[in-house]
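Engineer: To be precise about what I am sending: the file is called run.txt and holds compact mmCIF, C-alpha atoms.
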# COMPACT_ATOMS: atom_id res chain seq x y z
CA MET O 989 81.85 103.18 121.93
CA LEU O 990 83.92 100.87 119.67
CA GLY O 991 87.22 102.76 119.58
CA GLU O 992 87.69 106.31 118.38
CA LEU O 993 89.17 105.63 114.95
CA ASP O 994 87.02 105.51 111.85
CA GLU O 995 87.22 102.53 109.50
CA GLY O 996 89.41 104.31 106.98
CA GLU O 997 91.98 104.99 109.70
CA LEU O 998 91.83 101.37 110.81
CA ASP O 999 92.47 100.21 107.22
CA HIS O 1000 95.44 102.56 107.00
CA LEU O 1001 96.87 101.46 110.36
CA MET O 1002 96.59 97.76 109.50
CA ALA O 1003 98.23 98.37 106.11
CA ARG O 1004 101.12 100.10 107.89
CA LEU O 1005 101.42 97.35 110.48
CA ALA O 1006 101.49 94.77 107.68
CA GLN O 1007 104.47 96.65 106.24
CA GLY O 1008 106.26 96.44 109.58
CA GLU O 1009 105.56 99.93 110.99
CA ARG O 1010 105.42 99.09 114.71
CA ASP O 1011 104.03 102.46 115.78
CA ALA O 1012 100.70 101.39 114.24
CA PHE O 1013 100.38 98.52 116.72
CA ASP O 1014 99.14 100.32 119.83
CA PRO O 1015 96.38 102.46 118.28
CA LEU O 1016 95.21 99.46 116.30
CA PHE O 1017 95.20 97.21 119.36
CA ARG O 1018 93.27 99.82 121.35
CA ALA O 1019 90.66 99.95 118.59
CA LEU O 1020 90.36 96.20 117.99
CA HIS O 1021 90.50 94.88 121.57
CA PRO O 1022 87.07 96.25 122.61
CA ARG O 1023 85.57 94.89 119.40
CA ALA O 1024 87.01 91.40 120.01
CA LEU O 1025 85.89 91.52 123.65
CA ARG O 1026 82.38 92.57 122.72
CA PHE O 1027 82.07 89.89 120.05
CA ALA O 1028 83.47 87.17 122.34
CA GLY O 1029 81.22 88.30 125.21
CA ALA O 1030 78.14 88.05 123.04
CA ARG O 1031 79.14 84.61 121.77
CA VAL O 1032 80.63 82.77 124.75
CA GLY O 1033 79.42 84.86 127.67
CA PRO O 1034 81.25 87.31 129.94
CA ASP O 1035 83.12 84.63 131.96
CA ARG O 1036 85.15 83.42 128.99
CA ALA O 1037 85.10 86.64 126.97
CA ALA O 1038 88.54 87.93 128.03
CA ASP O 1039 90.35 84.68 127.21
CA ALA O 1040 88.47 84.22 123.93
CA ALA O 1041 89.18 87.81 122.89
CA GLN O 1042 92.87 87.40 123.70
CA ALA O 1043 93.10 84.18 121.67
CA ALA O 1044 91.32 85.86 118.78
CA LEU O 1045 93.60 88.91 118.87
CA VAL O 1046 96.69 86.69 118.99
CA ARG O 1047 95.43 85.06 115.79
CA VAL O 1048 94.66 88.41 114.15
CA PHE O 1049 98.04 89.95 114.92
CA SER O 1050 100.02 86.83 114.05
CA ARG O 1051 98.47 87.13 110.58
CA ALA O 1052 98.87 90.90 110.33
CA GLY O 1053 101.72 90.52 107.83
CA GLU O 1054 99.34 88.76 105.43
CA PHE O 1055 96.91 91.68 105.34
CA THR O 1056 96.71 93.23 101.89
CA ALA O 1057 96.90 97.02 101.86
CA GLY O 1058 93.88 98.65 100.22
CA ARG O 1059 91.39 96.09 101.54
CA PRO O 1060 88.97 96.86 104.37
CA VAL O 1061 90.30 95.56 107.69
CA LEU O 1062 87.07 94.95 109.63
CA PRO O 1063 85.62 92.15 107.45
CA TRP O 1064 89.03 90.42 107.62
CA PHE O 1065 89.25 91.01 111.37
CA TYR O 1066 85.76 89.72 112.13
CA ALA O 1067 86.26 86.64 109.93
CA ILE O 1068 89.34 85.65 111.97
CA VAL O 1069 87.76 86.54 115.32
CA ALA O 1070 84.55 84.63 114.51
CA ASN O 1071 86.54 81.52 113.55
CA GLU O 1072 88.64 81.66 116.69
CA VAL O 1073 85.70 82.31 119.04
CA ARG O 1074 83.71 79.51 117.39
CA ALA O 1075 86.66 77.14 117.92
CA ILE O 1076 86.84 78.13 121.59
CA ALA O 1077 83.10 77.69 122.03
CA ARG O 1078 83.33 74.20 120.51
CA LYS O 1079 86.32 73.28 122.65
CA GLY O 1080 84.37 74.32 125.72
CA GLY O 1081 81.54 72.06 124.59
CA ALA O 1082 83.67 68.92 124.13
CA GLY O 1083 81.79 65.82 125.21
CA ARG O 1084 78.39 67.49 124.91
CA LYS O 1085 75.59 66.39 122.59
CA GLN O 1086 75.27 67.84 119.07
CA ALA O 1087 72.30 70.05 120.02
CA GLU O 1088 74.27 71.56 122.89
CA LEU O 1089 77.27 72.08 120.62
CA SER O 1090 75.11 74.02 118.17
CA ALA O 1091 73.83 76.11 121.03
CA ALA O 1092 77.44 76.86 122.03
CA GLU O 1093 77.97 78.36 118.57
CA ALA O 1094 74.96 80.64 118.94
CA TRP O 1095 74.74 83.93 120.81
CA ALA O 1096 75.21 83.79 124.57
CA VAL O 1097 72.97 86.83 125.14
CA THR O 1098 69.38 87.75 124.25
CA PRO O 1099 68.60 89.30 120.82
CA ASP O 1100 67.85 92.69 122.37
CA ASP O 1101 71.11 92.86 124.31
CA PRO O 1102 72.65 96.27 123.45
CA GLU O 1103 76.17 94.78 123.11
CA ARG O 1104 74.88 92.17 120.70
CA LEU O 1105 72.99 94.76 118.70
CA LEU O 1106 76.17 96.82 118.43
CA VAL O 1107 78.19 93.78 117.31
CA GLU O 1108 75.53 92.76 114.79
CA ARG O 1109 75.39 96.26 113.37
CA GLU O 1110 79.14 96.38 112.92
CA LEU O 1111 79.23 92.86 111.46
CA GLY O 1112 76.59 93.95 108.95
CA ARG O 1113 78.62 97.01 108.05
CA ALA O 1114 81.78 94.94 107.73
CA LEU O 1115 80.00 92.55 105.37
CA GLU O 1116 78.71 95.49 103.30
CA ARG O 1117 82.27 96.83 103.05
CA ALA O 1118 83.54 93.44 101.96
CA LEU O 1119 80.80 93.23 99.31
CA ALA O 1120 81.59 96.75 98.15
CA SER O 1121 85.21 95.69 97.59
CA LEU O 1122 84.18 92.90 95.22
CA ASP O 1123 84.08 93.35 91.46
CA ASP O 1124 80.65 94.15 89.96
CA GLY O 1125 79.94 90.61 88.73
CA SER O 1126 80.73 88.98 92.07
CA ALA O 1127 78.81 91.62 94.04
CA ALA O 1128 75.76 91.10 91.78
CA ALA O 1129 75.93 87.31 92.29
CA ILE O 1130 76.10 87.67 96.09
CA ALA O 1131 73.22 90.19 95.98
CA VAL O 1132 71.06 87.56 94.28
CA VAL O 1133 71.98 84.98 96.94
CA LEU O 1134 71.05 87.50 99.66
CA GLY O 1135 67.69 88.06 97.94
CA ARG O 1136 68.46 91.68 97.16
CA SER O 1137 68.07 91.37 93.39
CA ALA O 1138 66.49 89.07 90.83
CA THR O 1139 68.32 86.11 89.29
CA PRO O 1140 69.91 87.18 85.98
CA GLU O 1141 68.77 85.57 82.75
CA VAL O 1142 71.56 83.04 82.45
CA SER O 1143 71.51 79.25 82.58
CA SER O 1144 71.41 77.68 86.02
CA PRO O 1145 74.91 76.08 85.79
CA ALA O 1146 76.41 79.38 84.60
CA PHE O 1147 74.82 81.21 87.53
CA ARG O 1148 76.02 78.59 90.02
CA LYS O 1149 79.52 78.96 88.63
CA ARG O 1150 79.27 82.75 88.99
CA VAL O 1151 78.14 82.44 92.62
CA SER O 1152 80.90 79.96 93.40
CA ARG O 1153 83.48 82.38 91.95
CA ALA O 1154 81.99 85.24 93.94
CA TYR O 1155 82.16 83.20 97.16
CA ALA O 1156 85.80 82.33 96.47
CA ARG O 1157 86.61 86.03 96.02
CA LEU O 1158 84.72 86.93 99.19
CA ARG O 1159 86.60 84.22 101.12
CA LEU O 1160 89.91 85.59 99.87
CA LEU O 1161 88.86 89.06 100.95
CA LEU O 1162 88.01 87.75 104.40
CA GLY O 1163 91.48 86.32 104.83
CA GLY O 1164 90.86 82.75 103.74
CA SER O 1165 92.49 80.93 100.87
CA ASP O 1166 91.02 79.55 97.66
CA GLY O 1167 90.62 76.15 99.19
CA ASP O 1168 89.02 77.24 102.50
CA MET J 1264 98.56 93.27 138.80
CA GLU J 1265 98.33 93.16 135.02
CA THR J 1266 94.90 93.82 133.49
CA ASP J 1267 93.22 91.58 130.91
CA GLN J 1268 93.89 94.22 128.28
CA GLY J 1269 97.58 94.46 129.20
CA ARG J 1270 97.96 90.70 129.04
CA ALA J 1271 96.14 90.54 125.72
CA ARG J 1272 98.29 93.36 124.35
CA ARG J 1273 101.51 91.59 125.30
CA ALA J 1274 100.32 88.28 123.81
CA ALA J 1275 99.17 90.01 120.60
CA ARG J 1276 102.47 91.84 120.23
CA ARG J 1277 104.45 88.64 120.71
CA ALA J 1278 102.21 86.89 118.16
CA TYR J 1279 102.76 89.75 115.72
CA GLU J 1280 106.56 89.56 116.00
CA LEU J 1281 106.57 85.75 115.78
CA GLY J 1282 104.24 85.86 112.80
CA ARG J 1283 106.55 88.28 111.02
CA LEU J 1284 109.57 86.16 111.89
CA ARG J 1285 107.92 83.03 110.53
CA ALA J 1286 106.85 84.75 107.32
CA GLY J 1287 110.29 86.37 107.06
CA LEU J 1288 112.04 83.02 107.35
CA GLY J 1289 109.84 81.62 104.60
CA ARG J 1290 110.68 84.50 102.25
CA ALA J 1291 114.36 84.32 103.22
CA LEU J 1292 114.46 80.66 102.22
CA VAL J 1293 113.01 81.54 98.81
CA VAL J 1294 115.58 84.32 98.31
CA ALA J 1295 118.39 82.03 99.52
CA ALA J 1296 117.32 79.22 97.19
CA ALA J 1297 117.33 81.59 94.20
CA ALA J 1298 120.66 83.09 95.30
CA ALA J 1299 122.16 79.63 95.81
CA GLY J 1300 121.18 78.67 92.26
CA ALA J 1301 122.73 81.83 90.79
CA ALA J 1302 125.86 81.57 92.95
CA ALA J 1303 126.36 77.89 92.16
CA ILE J 1304 126.23 78.60 88.43
CA VAL J 1305 128.32 81.76 88.45
CA VAL J 1306 130.72 81.29 91.37
CA GLY J 1307 130.61 77.55 92.06
CA TRP J 1308 129.24 75.35 94.82
CA ARG J 1309 131.83 76.64 97.29
CA ALA J 1310 129.88 79.90 97.43
CA THR J 1311 126.86 78.19 99.00
CA ALA J 1312 128.87 77.70 102.21
CA TRP J 1313 127.94 81.34 102.95
CA LEU J 1314 124.24 80.73 102.42
CA PRO J 1315 123.34 80.77 106.16
CA VAL J 1316 124.46 84.43 106.20
CA THR J 1317 121.99 85.19 103.40
CA VAL J 1318 119.18 83.40 105.26
CA VAL J 1319 119.88 85.14 108.58
CA VAL J 1320 120.26 88.61 107.07
CA TRP J 1321 117.18 88.28 104.89
CA THR J 1322 115.06 86.91 107.75
CA LEU J 1323 116.09 89.91 109.85
CA VAL J 1324 115.25 92.30 107.04
CA GLU J 1325 111.82 90.75 106.36
CA TRP J 1326 111.02 90.62 110.08
CA ARG J 1327 111.81 94.33 110.60
CA GLY J 1328 110.03 95.30 107.34
CA ALA J 1329 109.20 98.94 106.57
CA TRP J 1330 111.98 101.01 104.94
CA LEU J 1331 114.70 98.53 105.93
CA ARG J 1332 113.01 95.93 103.73
CA GLU J 1333 112.32 98.48 100.99
CA GLY J 1334 116.01 99.34 100.87
CA ALA J 1335 117.09 95.70 101.08
CA ARG J 1336 114.93 94.71 98.13
CA ARG J 1337 116.68 97.32 95.98
CA GLY J 1338 120.05 96.26 97.38
CA LEU J 1339 119.34 92.72 96.26
CA LEU J 1340 119.90 93.82 92.66
CA ALA J 1341 123.36 95.16 93.46
CA GLY J 1342 124.12 92.00 95.40
CA LEU J 1343 123.10 89.98 92.38
CA ALA J 1344 125.38 92.12 90.19
CA SER J 1345 128.29 91.41 92.54
CA LEU J 1346 127.84 87.68 91.92
CA PHE J 1347 128.62 88.25 88.27
CA LEU J 1348 131.85 90.17 88.95
CA PRO J 1349 134.65 88.18 87.34
CA LEU J 1350 137.49 87.17 89.63
CA SER J 1351 139.90 88.84 87.19
CA ILE J 1352 138.44 92.23 88.21
CA LEU J 1353 138.55 91.56 91.94
CA ARG J 1354 142.05 90.07 91.68
CA PRO J 1355 143.61 91.55 88.50
CA CYS J 1356 146.93 89.74 88.73
CA CYS J 1357 145.05 86.44 88.65
CA SER J 1358 143.83 87.06 85.10
CA PRO J 1359 145.24 84.64 82.51
CA GLU J 1360 147.05 87.54 80.77
CA ALA J 1361 148.73 88.69 84.01
CA MET J 1362 149.77 85.17 84.91
CA ALA J 1363 151.13 84.63 81.40
CA SER J 1364 153.28 87.74 81.80
CA GLY J 1365 154.79 86.25 84.95
CA MET J 1366 152.89 88.08 87.72
CA ALA J 1367 152.73 85.77 90.72
CA CYS J 1368 150.47 87.53 93.20
CA CYS J 1369 147.48 85.23 92.85
CA ASP J 1370 148.04 83.81 96.31
CA LYS J 1371 148.06 87.25 97.94
CA ALA J 1372 144.98 89.10 99.08
CA MET J 1373 144.08 92.31 97.23
CA PRO J 1374 141.55 93.97 99.51
CA SER J 1375 142.12 97.41 98.00
CA THR J 1376 140.94 96.34 94.54
CA CYS J 1377 137.96 94.56 96.04
CA ALA J 1378 137.11 97.61 98.16
CA ALA J 1379 137.30 99.88 95.09
CA VAL J 1380 135.05 97.57 93.04
CA GLY J 1381 132.64 97.26 95.97
CA ALA J 1382 132.53 101.03 96.46
CA LEU J 1383 131.83 101.54 92.76
CA LEU J 1384 128.99 99.04 92.92
CA GLY J 1385 127.70 100.64 96.12
CA LEU J 1386 127.79 104.12 94.56
CA SER J 1387 125.80 102.90 91.57
CA LEU J 1388 123.04 102.10 94.06
CA ALA J 1389 122.26 105.82 94.19
CA LEU J 1390 120.15 105.15 91.10
CA LEU J 1391 118.07 102.61 92.99
CA LEU J 1392 117.66 104.38 96.34
CA PRO J 1393 113.94 104.66 97.13
CA ARG J 1394 112.56 108.08 98.08
CA ALA J 1395 112.29 107.58 101.81
CA PRO J 1396 111.14 110.27 104.26
CA ARG J 1397 114.09 112.21 105.70
CA GLU J 1398 113.96 110.47 109.10
CA ARG J 1399 113.94 107.00 107.48
CA ARG J 1400 116.88 107.47 105.10
CA LEU J 1401 119.45 105.90 107.40
CA GLU J 1402 117.20 102.86 107.82
CA THR J 1403 116.74 102.64 104.04
CA ALA J 1404 120.49 102.92 103.37
CA LEU J 1405 121.17 100.27 106.01
CA GLY J 1406 118.57 98.06 104.33
CA MET J 1407 120.31 98.49 100.98
CA ALA J 1408 123.65 97.62 102.52
CA LEU J 1409 122.14 94.52 104.16
CA GLY J 1410 120.33 93.47 100.98
CA THR J 1411 123.49 93.89 98.93
CA GLY J 1412 125.64 92.19 101.55
CA ALA J 1413 123.24 89.24 101.85
CA LEU J 1414 124.04 88.27 98.26
CA ALA J 1415 127.53 89.72 97.88
CA THR J 1416 128.65 87.44 100.72
CA LEU J 1417 128.17 84.51 98.37
CA ARG J 1418 130.76 86.09 96.07
CA CYS J 1419 133.26 86.00 98.93
CA GLY J 1420 133.61 82.21 98.92
CA PRO J 1421 136.51 82.06 96.44
CA LEU J 1422 138.14 85.23 97.84
CA LEU J 1423 140.65 85.48 100.63
CA LEU J 1424 139.42 86.96 103.90
CA GLY J 1425 140.98 90.40 103.31
CA GLU J 1426 139.45 90.62 99.86
CA ALA J 1427 136.05 89.54 101.11
CA ALA J 1428 136.20 92.21 103.82
CA GLY J 1429 137.32 94.73 101.18
CA LEU J 1430 134.43 93.90 98.86
CA LEU J 1431 131.79 94.05 101.61
CA GLY J 1432 133.33 97.15 103.20
CA GLY J 1433 133.51 98.88 99.82
CA LEU J 1434 129.87 98.04 99.15
CA ALA J 1435 128.78 99.37 102.55
CA ALA J 1436 130.83 102.57 102.08
CA GLY J 1437 129.41 103.00 98.58
CA VAL J 1438 125.84 102.60 99.81
CA VAL J 1439 126.36 105.13 102.61
CA ALA J 1440 128.01 107.59 100.21
CA ALA J 1441 125.16 107.09 97.71
CA GLY J 1442 122.62 107.68 100.48
CA LEU J 1443 124.32 110.90 101.58
CA ALA J 1444 124.55 112.11 97.98
CA ARG J 1445 120.86 111.40 97.46
CA ALA J 1446 119.96 113.28 100.66
CA TRP J 1447 122.04 116.24 99.47
CA MET J 1448 120.31 116.22 96.06
CA ASP J 1449 116.87 116.03 97.67
CA ARG J 1450 117.73 118.99 99.91
CA ARG J 1451 118.80 121.02 96.87
CA GLU J 1452 115.57 120.14 95.04
CA ALA J 1453 113.45 121.16 98.07
Take the structure in the file and write it out as structure tokens.

Structural biologist:
Amino acid sequence: MLGELDEGELDHLMARLAQGERDAFDPLFRALHPRALRFAGARVGPDRAADAAQAALVRVFSRAGEFTAGRPVLPWFYAIVANEVRAIARKGGAGRKQAELSAAEAWAVTPDDPERLLVERELGRALERALASLDDGSAAAIAVVLGRSATPEVSSPAFRKRVSRAYARLRLLLGGSDGD
Amino acid sequence: METDQGRARRAARRAYELGRLRAGLGRALVVAAAAAGAAAIVVGWRATAWLPVTVVVWTLVEWRGAWLREGARRGLLAGLASLFLPLSILRPCCSPEAMASGMACCDKAMPSTCAAVGALLGLSLALLLPRAPRERRLETALGMALGTGALATLRCGPLLLGEAAGLLGGLAAGVVAAGLARAWMDRREA
């Protein structure tokens, strides 16, 4: 089980922690640590999972003050954790060939691994929450890219511009900056 | 022996505090730069000698956050107002009229006047006090005092030590009195 708090409670706790309310730290840590561990385990394997999860959580909590209240926390959390775990996987693969490096970025467990399935399900839900937080225009543009709806009747450059704007908004929502 | 989770928790907590401190220092530098500009124009460059106090206090306030920061942000306005207090109010016998009439006390400290002006300014903060939960009111009032003091310190440059202490003490007393009055009013409303 991935923590006992529902996502709304997690959003609220992270918003409070961002404001400086320290009593939100422990429940939030207890809810996020198993998630980071599970994600890291599925990506870099159980041997390096604990260290990777710790590095990822250090990154998440050092940026807690930047979290914007009212936004969903899990898409933001997973974006940071994924970046950190990917960086660790690459570091571990220093000196290897490109094909091996790509493999290091892939899953470390089989597709039917229950932990991986759980992580994938939550990642999917986090992405859906992030998309739901976007404005209608941006959400529609991303839906077209994901093949969920037909391309609107606008010129190709106008649509590309719309998609680029939608990506920029999604990146911001996931804790990146405009230039990321 | 410490578990992986315990070690991760400790590292995450340290990262959280350091992250807040770093962000707090950044914001404190912005506040200090703006305050330095205002103080240099209104009080003179001598005032900027107190700028490290503003940076340290504001970094502390931003690092702690929560209601301390909420109060401090409101207190900043009162601190700004204190910068614009003319020296002739803080030291009445230094006004051109008083000196023309032969009063020669300009070299003496007048902490009582400064304390009275500070208290008046502090009391006016009652209008700005945020509605904090009962258990956080002390923290909020302390934040207001710190926020006010962070800027009012810059006003102390041209004052003698006793006057500076009077102004800051008056402000702190005014803020505390305003906080108590607000708590009393809230209790009556409830």

Engineer: Could you write out as a list in words the residues of chain O within 9 Å of chain J, counting only C-alpha atoms?

Structural biologist: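 Taking only C-alpha atoms into account, Arg1004, Leu1005, Ala1006, Gln1007, Gly1008, Glu1009, Arg1010, Phe1013, Asp1014, Phe1017, Arg1018, His1021, Ala1038, Asp1039, Ala1041, Gln1042, Ala1043, Leu1045, Val1046, Arg1047, Val1048, Phe1049, Ser1050, Arg1051, Ala1052, Gly1053 and Glu1054 of chain O sit within 9 Å of chain J.
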
Engineer: Can you write out the residues you just picked, keeping C-alpha atoms, as a compact mmCIF listing (two decimals), in the coordinates of the input?

Structural biologist:
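And here's again31.txt as it stands now:
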# COMPACT_ATOMS: atom_id res chain seq x y z
CA ARG O 1004 101.12 100.10 107.89
CA LEU O 1005 101.42 97.35 110.48
CA ALA O 1006 101.49 94.77 107.68
CA GLN O 1007 104.47 96.65 106.24
CA GLY O 1008 106.26 96.44 109.58
CA GLU O 1009 105.56 99.93 110.99
CA ARG O 1010 105.42 99.09 114.71
CA PHE O 1013 100.38 98.52 116.72
CA ASP O 1014 99.14 100.32 119.83
CA PHE O 1017 95.20 97.21 119.36
CA ARG O 1018 93.27 99.82 121.35
CA HIS O 1021 90.50 94.88 121.57
CA ALA O 1038 88.54 87.93 128.03
CA ASP O 1039 90.35 84.68 127.21
CA ALA O 1041 89.18 87.81 122.89
CA GLN O 1042 92.87 87.40 123.70
CA ALA O 1043 93.10 84.18 121.67
CA LEU O 1045 93.60 88.91 118.87
CA VAL O 1046 96.69 86.69 118.99
CA ARG O 1047 95.43 85.06 115.79
CA VAL O 1048 94.66 88.41 114.15
CA PHE O 1049 98.04 89.95 114.92
CA SER O 1050 100.02 86.83 114.05
CA ARG O 1051 98.47 87.13 110.58
CA ALA O 1052 98.87 90.90 110.33
CA GLY O 1053 101.72 90.52 107.83
CA GLU O 1054 99.34 88.76 105.43

Engineer: Pick from O:Leu1115, O:Ala1044, O:Leu1160, O:Ala1129: nearest to O:Val1142, with only C-alpha atoms counted?

Structural biologist: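 Of the candidates, the smallest distance to O:Val1142 is held by O:Ala1129.
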
Engineer: For the atom pair atom CA of O:Arg1023 and atom CA of O:Tyr1066, what is the interatomic distance in Å to one decimal place?

Structural biologist: 8.9 Å

Engineer: Tell me, in Å to one decimal, how far atom CA of J:Ala1297 is from atom CA of J:Leu1434.

Structural biologist: 21.3 Å

Engineer: What is the distance between atom CA of J:Ala1295 and atom CA of J:Phe1347, in Å to one decimal?

Structural biologist: 16.4 Å

Engineer: Please provide as a count of residues only all residues within 12 Å of J:Thr1403, with the sequence filter that same-chain residues fewer than 6 positions apart are discarded (counting all atoms listed in the file).

Structural biologist: 31

Engineer: Can you tell me, as a PDB file with C-alpha atoms, keeping the file's coordinate frame, what residues are no more than 6 Å from stretch 1302-1315 of chain J when counting all atoms listed in the file, ignoring any on the same chain fewer than 3 positions away?

Structural biologist:
ATOM      1  CA  ALA J1298     120.660  83.090  95.300  1.00  0.00           C
ATOM      2  CA  ALA J1299     122.160  79.630  95.810  1.00  0.00           C
ATOM      3  CA  VAL J1318     119.180  83.400 105.260  1.00  0.00           C
ATOM      4  CA  LEU J1417     128.170  84.510  98.370  1.00  0.00           C
ATOM      5  CA  GLY J1420     133.610  82.210  98.920  1.00  0.00           C
TER       6      GLY J1420
END

Engineer: The residues within 12 Å of (73.4, 88.4, 96.3), using all atoms listed in the file and the coordinates of the file, should be reported as a PyMOL selection string; which are they?

Structural biologist: chain O and resi 1115-1116+1119-1120+1122+1124-1140+1147-1148+1150-1152+1154-1155+1158
